[in-house]
Structures are given as C-alpha cells and as structure tokens.
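Engineer: The structure under discussion is supplied below as structure tokens; questions concerning it will follow.
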Amino acid sequence: MTIPMPAPVSDYFLHANAHDADAVAVCFSQDAEVRDEGHVYRGRDAIGAWNRATSARYGATAHPVSCEMTPPRCIVQAEVTGNFPGSPARIIFDFSLDGPAITALAIRA
C-alpha cells in the first residue's frame, strides 16, 4: 500500500532507499537542516554528506506506514530496517516543507 504524501517527501524516501545521497540532497532547499542522532546538518552539501555516511553505516531502508499533514509540516512514521541495534524500528521523520522543497527534517525514535 502506498501512503499519500507530498512529492518532496516521497522523493526523499525513494532516493534514500536507493542510497542516492546526491538525489536526497536535491529534495532539500539550499539552506535546509537535518537533525539526526544529536547532530545538525545545514545546507545541501552537508545533508548529502550526512546521508552518504548514514547509508554506508546502516544500510537502512525506510517504509512509510503513516503520514500526517499539518502544513507546513509532514510527519511520517516509517518501519526502518538496517544494520543497527533494534532493527527493524519505528522511526518518526518530521519534515517541514516550503513548496517543492524540504526545509527541515528531524528524525527521532
């Protein structure tokens, strides 16, 4: 079953699951930020590097199970499987959007 969600968010999961860090970075605005595991990554270059490193470290794939829209936010719960303790795990992806781009993403368990 496909979960309806905004295009930038569905593109994020498509590219992240394909482990394509360059395509993931393009889903974000130039000055976007990602918060993950206690770190903050600002700008497309930093976001691409974060995604590349995270993908190499965990090899994770995320399968969305729900999406709640409260513009400009989109909160997705996903079942994430990869090389980490507790896999698979239910993870929350809290996106902020501005038109066709993600402006912020906070990832939390």
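Residue names in the structure tokens use chain letters A, B, ... in the order shown, residue numbers from 1 in each chain, and ligand numbers from 1 in the order shown.
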Excluding same-chain residues fewer than 5 positions from Gln77 (chain A), what lies within 7 Å of it counting only C-alpha atoms, as a PDB file with N, CA and C atoms, in the first residue's frame?

Structural biologist:
ATOM      1  N   PRO A  64       7.426   3.914   4.777  1.00  0.00           N
ATOM      2  CA  PRO A  64       6.403   4.700   5.475  1.00  0.00           C
ATOM      3  C   PRO A  64       5.147   3.881   5.771  1.00  0.00           C
ATOM      4  N   VAL A  65       4.631   4.070   6.978  1.00  0.00           N
ATOM      5  CA  VAL A  65       3.394   3.395   7.370  1.00  0.00           C
ATOM      6  C   VAL A  65       2.276   4.390   7.668  1.00  0.00           C
ATOM      7  N   SER A  66       2.634   5.667   7.890  1.00  0.00           N
ATOM      8  CA  SER A  66       1.621   6.693   8.071  1.00  0.00           C
ATOM      9  C   SER A  66       2.207   8.055   7.737  1.00  0.00           C
ATOM     10  N   CYS A  67       1.311   8.974   7.373  1.00  0.00           N
ATOM     11  CA  CYS A  67       1.720  10.338   7.054  1.00  0.00           C
ATOM     12  C   CYS A  67       0.640  11.277   7.566  1.00  0.00           C
ATOM     13  N   ARG A  90      10.490   1.487  14.500  1.00  0.00           N
ATOM     14  CA  ARG A  90       9.550   2.516  14.042  1.00  0.00           C
ATOM     15  C   ARG A  90      10.213   3.867  14.302  1.00  0.00           C
ATOM     16  N   ILE A  91      10.435   4.638  13.260  1.00  0.00           N
ATOM     17  CA  ILE A  91      11.124   5.927  13.338  1.00  0.00           C
ATOM     18  C   ILE A  91      10.189   7.023  12.831  1.00  0.00           C
ATOM     19  N   ILE A  92      10.268   8.200  13.452  1.00  0.00           N
ATOM     20  CA  ILE A  92       9.462   9.352  13.039  1.00  0.00           C
ATOM     21  C   ILE A  92      10.351  10.305  12.246  1.00  0.00           C
ATOM     22  N   PHE A  93       9.865  10.692  11.081  1.00  0.00           N
ATOM     23  CA  PHE A  93      10.517  11.663  10.213  1.00  0.00           C
ATOM     24  C   PHE A  93       9.611  12.894  10.208  1.00  0.00           C
TER      25      PHE A  93
END

Engineer: Find the residues around Glu37 (chain A) up to 9 Å (only C-alpha atoms counted), leave out those fewer than 2 positions away in its own chain, and share them as a PyMOL selection string.

Structural biologist: chain A and resi 35+39-40+107-108

Engineer: Please compute the CA of Thr70 (chain A)-CA of Ser55 (chain A) distance, one decimal, in Å.

Structural biologist: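 Atom-to-atom, CA of Thr70 (chain A) and CA of Ser55 (chain A) are spaced 28.6 Å apart.
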
Engineer: Which residues are close to region 5-14 of chain A, i.e. within 9 Å by only C-alpha atoms, leaving aside same-chain residues fewer than 3 positions away? Reply as a list in words.

Structural biologist: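 The residues that qualify are Asn17, Ala18, His19, Asp20, Ala23, Val24, Ala25, Val26, Cys27, Phe28, Thr61, Ala62, His63, Pro64, Cys67, Glu68, Met69, Cys74, Val76, Phe95, Leu97, Gly99, Pro100, Ala101 and Ile102 of chain A.
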
Engineer: Among the residues of region 8-107 of chain A, find those DSSP assigns to strand (DSSP E) from the backbone and print them as a ChimeraX atom specification.

Structural biologist: /A:28-36,39-42,61-70,73-81,89-98,101-107

Engineer: So which residues of chain A fall under alpha helix (DSSP H) by DSSP, listed as an NGL selection string?

Structural biologist: :A and (7-17 or 21-26 or 44-58)

Engineer: If you count only C-alpha atoms, which residues fall within 10 Å of Asp45 (chain A), apart from same-chain ones fewer than 2 positions away, as an MDAnalysis selection string?

Structural biologist: chainID A and resid 21:22 25:26 30:31 41:43 47:51

Engineer: By how many Å are CA of Ala46 (chain A) and CA of Ser29 (chain A) apart?

Structural biologist: 12.0 Å

Engineer: Which one is closest to Leu105 (chain A): A:Arg52, A:Gly38, A:Ile75, A:His15? Count only C-alpha atoms.

Structural biologist: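 Counting only C-alpha atoms, the residue closest to Leu105 (chain A) is A:Ile75.
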